[in-house]
Amino acid sequence: MDISVTGRKMTVTDALKSYAEEKIGNSMKAMDIEPLSAEVVLHREKNPAIATPAVCEVTMAARGHIIRVEEREESMFAAIDVAAAKVLRQLRKFKTRVVEKNTRTDAASIRTGADLDLDALMDELADDEVVREKEIEFLPLTEEEALVQIDLLGHDFFGYIDRDTDTFRILYRRANGGYGLLKQQA
């Protein structure tokens, strides 16, 4: 179990670092999933109008899956507490859906956000220009595995290659609840 705690545009004190390692570590130990690594990023919003300026982001890599949690609170310690509780819920969901049902693919592991260069943004672009470009590997998954991934990542959409038909598909979260699936036309 590997936990790294960093600050974004802020210094992380030893007390804050040990508190985050303890809380997130306890959540990780409770579910007993190996191998599991976590990256905790702490930062504080500068805008005084924001009621909850303390932000705790946790990104975990477990058996080829990525679990992400972001929580905002008034104090950094409170943000860590709430994020640790959400991590425990996400790990429980991961363990029941993926680990215990053995739905993990034998394909290459999904690359974590640290492996990808996501910070290449261009300055002062017009609204109709591409402002971010990201290269990802689309893995062959089943529809059930894609549903697990979209939940674990917390994204609004997820692109993947269907394992059975070898076609590209996009799974998306609908505004009125449920999911939608975009399929390549035959």
# chains A, B, ... in the order shown; residues from 1 in each chain; ligands from 1
$ residues_around --residues "segment 58-61 of chain A" --least-positions-apart "4" --cutoff "8 Å" --atoms "only C-alpha atoms" --output "VMD selection string"
chain A and resid 36 to 41 65 to 70 83 87 112
$ residues_around --residues "segment 161-165 of chain A" --least-positions-apart "3" --cutoff "7 Å" --atoms "only C-alpha atoms" --output "number ranges by chain"
A: 138-142, 168-169
$ residues_around --residues "segment 16-19 of chain A" --least-positions-apart "4" --cutoff "8 Å" --atoms "only C-alpha atoms" --output "ChimeraX atom specification"
/A:5,12,23,77
$ residues_around --residues "segment 177-185 of chain A" --least-positions-apart "5" --cutoff "9 Å" --atoms "only C-alpha atoms" --output "compact mmCIF listing (two decimals) with N, CA, C and O atoms, in the first residue's frame"
# COMPACT_ATOMS: atom_id res chain seq x y z
N LEU A 147 -19.45 0.17 -17.18
CA LEU A 147 -20.29 0.79 -16.15
C LEU A 147 -19.53 0.92 -14.84
O LEU A 147 -19.63 1.93 -14.14
N THR A 167 -16.01 -3.02 -31.56
CA THR A 167 -16.40 -1.70 -32.04
C THR A 167 -16.24 -0.68 -30.92
O THR A 167 -16.29 -1.03 -29.74
N PHE A 168 -16.08 0.58 -31.31
CA PHE A 168 -15.93 1.65 -30.33
C PHE A 168 -17.30 2.06 -29.80
O PHE A 168 -18.26 2.18 -30.56
N ARG A 169 -17.38 2.28 -28.48
CA ARG A 169 -18.63 2.69 -27.85
C ARG A 169 -18.36 3.78 -26.82
O ARG A 169 -17.27 3.84 -26.25
N ILE A 170 -19.37 4.61 -26.60
CA ILE A 170 -19.28 5.66 -25.58
C ILE A 170 -20.46 5.47 -24.63
O ILE A 170 -21.61 5.49 -25.05
N LEU A 171 -20.14 5.31 -23.36
CA LEU A 171 -21.14 5.20 -22.32
C LEU A 171 -21.23 6.55 -21.64
O LEU A 171 -20.21 7.16 -21.33
N TYR A 172 -22.44 7.09 -21.44
CA TYR A 172 -22.58 8.40 -20.82
C TYR A 172 -23.68 8.40 -19.79
O TYR A 172 -24.62 7.61 -19.83
$ residues_around --residues "Val82 of chain A" --least-positions-apart "5" --cutoff "12 Å" --atoms "only C-alpha atoms" --output "list of chain:residue names"
A:Ala20, A:Lys23, A:Ile24, A:Ser27, A:Ala54, A:Val55, A:Cys56, A:Glu57, A:Val58, A:Val69, A:Glu70, A:Glu71, A:Arg72, A:Glu73, A:Glu74, A:Ser75, A:Met76, A:Phe77, A:Val87, A:Leu88, A:Arg89
$ closest_residue --among "A:Glu45, A:Asp156, A:Glu21, A:Asp151" --to "Ala84 of chain A" --atoms "only C-alpha atoms"
A:Glu21
$ atom_distance --atom1 "atom CA of Pro35 of chain A" --atom2 "atom CA of Met1 of chain A"
6.7 Å
$ select_by_dssp --residues "segment 17-70 of chain A" --states "strand (DSSP E)" --output "number ranges by chain"
A: 36-44, 54-62, 65-70
$ atom_distance --atom1 "atom CA of Lys46 of chain A" --atom2 "atom CA of Leu153 of chain A"
26.3 Å
$ select_by_dssp --residues "chain A" --states "helix (DSSP H, G or I)" --output "PyMOL selection string"
chain A and resi 14-31+76-99+113-115+143-153
$ residues_around --residues "Arg92 of chain A" --least-positions-apart "3" --cutoff "12 Å" --atoms "only C-alpha atoms" --output "PyMOL selection string"
chain A and resi 27-33+67+85-89+95-100+152
$ atom_distance --atom1 "atom CA of Arg63 of chain A" --atom2 "atom CA of His155 of chain A"
19.1 Å
